[in-house]
Amino acid sequence: MASILSLRSPSSLPLISSTISNPLFQSQSKFSSSFTSVPFTKLKSNYTRISPMFRPRVIFARAATGATESVTDYREDIGEILGDVSIFTASGERVQFSDLWDQNDGIAAVVLLRHFGCVCCWELAKALKEAKPRFDAAGVKLVAVGVGTPDKARILATRLPFPMECLYADPERKAYDVLGLYFGLGRTFFNPASAKVFSRFNELREATKNYTISATPEDRSSVLQQGGTFVFRGKKLLYGRKDEGTGDHPSLDDVINVCCKATVV
């Protein structure tokens with residue numbers, strides 16, 4: 001089983017191709033092409049996971065009462081570690097996470113999308129754009145990060161559209177590694193949580209009216225990266241949720257609820 005699911009094994013590529021061509025993924029419209037049109041023969045084998053040094057001591061980051069699926073194990077200084085990670089603005093400027101919000105007492109909702117060519121991420125980005133006035137009213141900085149280069153981020157920002165001042169690119173998946181987000185073929189296509197996307201067909205169709213697969217990263221292994229959602233107050237993690245599979249996004253109502261309660265603590 002390990003050899004089947006490993007991207008390092010050439011024998012895995014036919015399995016990927018045959019899996020993608022399964023009728024399950026050939027539902028209507030152009031967003032099925034985001035699964036079927038990616039040239040998986042370009043999958044890279046030099047992917048390295050985060051060092052175990054980041055995982056020794058953990059705490060429980062619990063959201064405010066009433067939120068669901070909000071408990072994730074992280075070490076106490078995860079905000080400090082994440083702060084040192086450098087990413088890019090959609091315009092191409094290199095920035096560090098620690099520069100994105102007030103590290104003493106600022107509230108930030110940090111949403112890590114999959115990649116900029118993922119139709120489920122276009123759906124999530126559209127939902128985030130519509131919820132942005134609620135984040136703004138609560139004094140919360142919205143940070144949306146996607147895998148890919150800044151030019152790929154600009155495609156999503158322009159065509160969706162999405163506010164560029166909230167959008168960041170992490171081409172090397174550094175933040176994803178620090179936060180231990182899931183990666184792999186099994187998580188992307190075979191995890192039961194990925195089936196949730198088929199219950200949101202109308203939302204997907206609406207979000208992808210101007211979709212283009214050209215937003216997909218050149219590093220095709222990036223299509224196997226999953227995302228996650230986090231709320232920080234300064235450097236302190238208040239809420240952490242990893243996406244179990246493709247399109248397994250949390251309720252934004254829950255996330256905003258955590259943010260609002262954090263502002264009155």
# chains A, B, ... in the order shown; residues from 1 in each chain; ligands from 1
>>> select_by_dssp(residues="region 200-243 of chain A", states="strand (DSSP E or B)", output="list in words")
Gln225, Gly228, Thr229, Phe230, Val231, Phe232, Arg233, Lys236, Leu237, Leu238, Tyr239, Gly240, Arg241 and Lys242 of chain A
>>> write_last_selection(atoms="N, CA, C and O atoms", output="compact mmCIF listing (two decimals), in the first residue's frame")
# COMPACT_ATOMS: atom_id res chain seq x y z
N GLN A 225 -1.58 18.85 -2.07
CA GLN A 225 -1.52 19.54 -0.78
C GLN A 225 -2.92 19.90 -0.30
O GLN A 225 -3.74 20.40 -1.07
N GLY A 228 -5.95 24.34 5.46
CA GLY A 228 -6.37 24.40 6.85
C GLY A 228 -6.75 25.83 7.23
O GLY A 228 -6.46 26.77 6.49
N THR A 229 -7.38 25.98 8.37
CA THR A 229 -7.86 27.29 8.83
C THR A 229 -7.44 27.51 10.27
O THR A 229 -7.59 26.62 11.12
N PHE A 230 -6.93 28.72 10.56
CA PHE A 230 -6.37 29.02 11.87
C PHE A 230 -6.76 30.43 12.29
O PHE A 230 -6.89 31.33 11.46
N VAL A 231 -6.93 30.61 13.59
CA VAL A 231 -7.19 31.93 14.15
C VAL A 231 -6.11 32.20 15.20
O VAL A 231 -5.89 31.38 16.09
N PHE A 232 -5.47 33.35 15.07
CA PHE A 232 -4.44 33.76 16.02
C PHE A 232 -4.84 35.06 16.69
O PHE A 232 -5.44 35.94 16.07
N ARG A 233 -4.48 35.17 17.96
CA ARG A 233 -4.48 36.46 18.64
C ARG A 233 -3.03 36.76 18.97
O ARG A 233 -2.43 36.11 19.83
N LYS A 236 -0.57 33.81 19.61
CA LYS A 236 -1.24 32.68 20.26
C LYS A 236 -2.28 32.06 19.34
O LYS A 236 -3.16 32.74 18.81
N LEU A 237 -2.19 30.76 19.18
CA LEU A 237 -3.17 30.04 18.37
C LEU A 237 -4.44 29.80 19.18
O LEU A 237 -4.42 29.20 20.24
N LEU A 238 -5.57 30.28 18.65
CA LEU A 238 -6.86 30.10 19.31
C LEU A 238 -7.69 28.98 18.68
O LEU A 238 -8.53 28.38 19.34
N TYR A 239 -7.48 28.76 17.40
CA TYR A 239 -8.30 27.80 16.65
C TYR A 239 -7.44 27.22 15.54
O TYR A 239 -6.71 27.93 14.85
N GLY A 240 -7.48 25.91 15.41
CA GLY A 240 -6.74 25.27 14.33
C GLY A 240 -7.51 24.08 13.78
O GLY A 240 -7.97 23.23 14.55
N ARG A 241 -7.69 24.05 12.49
CA ARG A 241 -8.40 22.94 11.85
C ARG A 241 -7.73 22.58 10.54
O ARG A 241 -7.60 23.43 9.65
N LYS A 242 -7.32 21.34 10.41
CA LYS A 242 -6.73 20.85 9.16
C LYS A 242 -7.83 20.28 8.28
O LYS A 242 -8.69 19.54 8.76
>>> residues_around(residues="region 139-149 of chain A", least_positions_apart="5", cutoff="9 Å", atoms="only C-alpha atoms", output="ChimeraX atom specification")
/A:87-88,90,92,100-101,106-117,121,125,128,132,134,154,165-173,175-176,215-219,222-223,225,227,256,259-260,263
>>> closest_residue(among="A:Lys235, A:His249, A:Lys129, A:Lys261", to="Ser194 (chain A)", atoms="only C-alpha atoms")
A:His249
>>> atom_distance(atom1="CA of Phe162 (chain A)", atom2="CA of Leu124 (chain A)")
10.8 Å
>>> select_by_dssp(residues="region 185-253 of chain A", states="helix (DSSP H, G or I)", output="PyMOL selection string")
chain A and resi 185-190+192-207+213-215+220-224+252-253
>>> closest_residue(among="A:Leu160, A:Leu181, A:Ala138, A:Cys118", to="Gly247 (chain A)", atoms="only C-alpha atoms")
A:Cys118
>>> atom_distance(atom1="CA of Asn104 (chain A)", atom2="CA of Asp254 (chain A)")
23.4 Å
>>> decode(residues="region 89-132 of chain A", atoms="N, CA and C atoms", output="mmCIF file, in the first residue's frame")
data_model
loop_
_atom_site.group_PDB
_atom_site.id
_atom_site.type_symbol
_atom_site.label_atom_id
_atom_site.label_comp_id
_atom_site.auth_asym_id
_atom_site.auth_seq_id
_atom_site.Cartn_x
_atom_site.Cartn_y
_atom_site.Cartn_z
ATOM 1 N N THR A 89 3.349 38.376 -1.371
ATOM 2 C CA THR A 89 2.079 39.002 -1.676
ATOM 3 C C THR A 89 1.703 38.616 -3.107
ATOM 4 N N ALA A 90 0.457 38.846 -3.475
ATOM 5 C CA ALA A 90 0.038 38.523 -4.837
ATOM 6 C C ALA A 90 0.757 39.390 -5.862
ATOM 7 N N SER A 91 1.280 40.522 -5.431
ATOM 8 C CA SER A 91 2.026 41.390 -6.340
ATOM 9 C C SER A 91 3.494 40.997 -6.453
ATOM 10 N N GLY A 92 3.932 40.041 -5.622
ATOM 11 C CA GLY A 92 5.291 39.513 -5.752
ATOM 12 C C GLY A 92 6.275 39.956 -4.694
ATOM 13 N N GLU A 93 5.825 40.693 -3.693
ATOM 14 C CA GLU A 93 6.718 41.152 -2.633
ATOM 15 C C GLU A 93 6.858 40.070 -1.557
ATOM 16 N N ARG A 94 8.105 39.808 -1.149
ATOM 17 C CA ARG A 94 8.340 38.815 -0.094
ATOM 18 C C ARG A 94 8.009 39.428 1.262
ATOM 19 N N VAL A 95 7.246 38.703 2.069
ATOM 20 C CA VAL A 95 6.870 39.159 3.408
ATOM 21 C C VAL A 95 6.951 37.987 4.370
ATOM 22 N N GLN A 96 7.021 38.311 5.648
ATOM 23 C CA GLN A 96 6.976 37.279 6.684
ATOM 24 C C GLN A 96 5.601 37.295 7.342
ATOM 25 N N PHE A 97 5.193 36.131 7.834
ATOM 26 C CA PHE A 97 3.910 36.051 8.517
ATOM 27 C C PHE A 97 3.838 37.032 9.684
ATOM 28 N N SER A 98 4.944 37.233 10.349
ATOM 29 C CA SER A 98 4.943 38.124 11.513
ATOM 30 C C SER A 98 4.633 39.564 11.141
ATOM 31 N N ASP A 99 4.721 39.896 9.849
ATOM 32 C CA ASP A 99 4.431 41.257 9.400
ATOM 33 C C ASP A 99 2.972 41.439 8.984
ATOM 34 N N LEU A 100 2.190 40.371 8.982
ATOM 35 C CA LEU A 100 0.852 40.431 8.416
ATOM 36 C C LEU A 100 -0.212 40.924 9.394
ATOM 37 N N TRP A 101 0.048 40.798 10.688
ATOM 38 C CA TRP A 101 -0.887 41.337 11.689
ATOM 39 C C TRP A 101 -0.112 41.649 12.958
ATOM 40 N N ASP A 102 -0.739 42.439 13.819
ATOM 41 C CA ASP A 102 -0.133 42.838 15.083
ATOM 42 C C ASP A 102 0.189 41.591 15.895
ATOM 43 N N GLN A 103 1.470 41.373 16.167
ATOM 44 C CA GLN A 103 1.900 40.160 16.846
ATOM 45 C C GLN A 103 1.720 40.213 18.354
ATOM 46 N N ASN A 104 1.251 41.323 18.861
ATOM 47 C CA ASN A 104 0.989 41.429 20.296
ATOM 48 C C ASN A 104 -0.462 41.102 20.629
ATOM 49 N N ASP A 105 -1.388 41.724 19.898
ATOM 50 C CA ASP A 105 -2.792 41.548 20.278
ATOM 51 C C ASP A 105 -3.741 41.513 19.076
ATOM 52 N N GLY A 106 -3.211 41.529 17.872
ATOM 53 C CA GLY A 106 -4.058 41.537 16.690
ATOM 54 C C GLY A 106 -4.697 40.183 16.435
ATOM 55 N N ILE A 107 -5.912 40.192 15.910
ATOM 56 C CA ILE A 107 -6.631 38.958 15.589
ATOM 57 C C ILE A 107 -6.511 38.715 14.086
ATOM 58 N N ALA A 108 -6.150 37.498 13.717
ATOM 59 C CA ALA A 108 -6.009 37.152 12.300
ATOM 60 C C ALA A 108 -6.657 35.803 12.031
ATOM 61 N N ALA A 109 -7.410 35.745 10.940
ATOM 62 C CA ALA A 109 -7.920 34.477 10.429
ATOM 63 C C ALA A 109 -7.046 34.093 9.250
ATOM 64 N N VAL A 110 -6.305 33.026 9.413
ATOM 65 C CA VAL A 110 -5.346 32.584 8.399
ATOM 66 C C VAL A 110 -5.904 31.338 7.727
ATOM 67 N N VAL A 111 -6.247 31.471 6.460
ATOM 68 C CA VAL A 111 -6.847 30.373 5.705
ATOM 69 C C VAL A 111 -5.863 29.923 4.637
ATOM 70 N N LEU A 112 -5.393 28.700 4.763
ATOM 71 C CA LEU A 112 -4.493 28.136 3.770
ATOM 72 C C LEU A 112 -5.311 27.308 2.786
ATOM 73 N N LEU A 113 -5.408 27.828 1.570
ATOM 74 C CA LEU A 113 -6.087 27.125 0.500
ATOM 75 C C LEU A 113 -5.207 25.979 0.024
ATOM 76 N N ARG A 114 -5.709 25.187 -0.900
ATOM 77 C CA ARG A 114 -4.856 24.177 -1.531
ATOM 78 C C ARG A 114 -3.948 24.900 -2.531
ATOM 79 N N HIS A 115 -4.290 24.912 -3.788
ATOM 80 C CA HIS A 115 -3.487 25.638 -4.771
ATOM 81 C C HIS A 115 -4.404 26.525 -5.591
ATOM 82 N N PHE A 116 -3.833 27.478 -6.305
ATOM 83 C CA PHE A 116 -4.640 28.492 -6.978
ATOM 84 C C PHE A 116 -5.432 27.943 -8.168
ATOM 85 N N GLY A 117 -5.125 26.728 -8.609
ATOM 86 C CA GLY A 117 -5.877 26.116 -9.692
ATOM 87 C C GLY A 117 -6.905 25.115 -9.215
ATOM 88 N N CYS A 118 -7.155 25.065 -7.919
ATOM 89 C CA CYS A 118 -8.119 24.127 -7.335
ATOM 90 C C CYS A 118 -9.511 24.764 -7.325
ATOM 91 N N VAL A 119 -10.473 24.101 -7.941
ATOM 92 C CA VAL A 119 -11.825 24.672 -8.012
ATOM 93 C C VAL A 119 -12.451 24.813 -6.623
ATOM 94 N N CYS A 120 -12.124 23.899 -5.717
ATOM 95 C CA CYS A 120 -12.658 23.997 -4.356
ATOM 96 C C CYS A 120 -12.105 25.232 -3.652
ATOM 97 N N CYS A 121 -10.884 25.619 -4.015
ATOM 98 C CA CYS A 121 -10.298 26.812 -3.419
ATOM 99 C C CYS A 121 -10.913 28.082 -3.999
ATOM 100 N N TRP A 122 -11.324 28.030 -5.246
ATOM 101 C CA TRP A 122 -12.061 29.162 -5.801
ATOM 102 C C TRP A 122 -13.388 29.317 -5.064
ATOM 103 N N GLU A 123 -14.021 28.197 -4.768
ATOM 104 C CA GLU A 123 -15.268 28.249 -4.008
ATOM 105 C C GLU A 123 -15.032 28.845 -2.626
ATOM 106 N N LEU A 124 -13.979 28.384 -1.933
ATOM 107 C CA LEU A 124 -13.673 28.900 -0.603
ATOM 108 C C LEU A 124 -13.287 30.376 -0.679
ATOM 109 N N ALA A 125 -12.487 30.740 -1.669
ATOM 110 C CA ALA A 125 -12.080 32.136 -1.817
ATOM 111 C C ALA A 125 -13.299 33.038 -2.027
ATOM 112 N N LYS A 126 -14.260 32.578 -2.797
ATOM 113 C CA LYS A 126 -15.483 33.360 -3.010
ATOM 114 C C LYS A 126 -16.234 33.540 -1.692
ATOM 115 N N ALA A 127 -16.311 32.462 -0.902
ATOM 116 C CA ALA A 127 -16.988 32.548 0.395
ATOM 117 C C ALA A 127 -16.246 33.501 1.332
ATOM 118 N N LEU A 128 -14.918 33.478 1.294
ATOM 119 C CA LEU A 128 -14.128 34.381 2.127
ATOM 120 C C LEU A 128 -14.333 35.835 1.708
ATOM 121 N N LYS A 129 -14.383 36.069 0.400
ATOM 122 C CA LYS A 129 -14.614 37.430 -0.091
ATOM 123 C C LYS A 129 -15.967 37.948 0.396
ATOM 124 N N GLU A 130 -16.969 37.095 0.343
ATOM 125 C CA GLU A 130 -18.308 37.509 0.779
ATOM 126 C C GLU A 130 -18.368 37.716 2.290
ATOM 127 N N ALA A 131 -17.518 36.984 3.028
ATOM 128 C CA ALA A 131 -17.501 37.109 4.491
ATOM 129 C C ALA A 131 -16.560 38.204 4.978
ATOM 130 N N LYS A 132 -15.765 38.772 4.084
ATOM 131 C CA LYS A 132 -14.764 39.748 4.501
ATOM 132 C C LYS A 132 -15.354 40.926 5.269
#
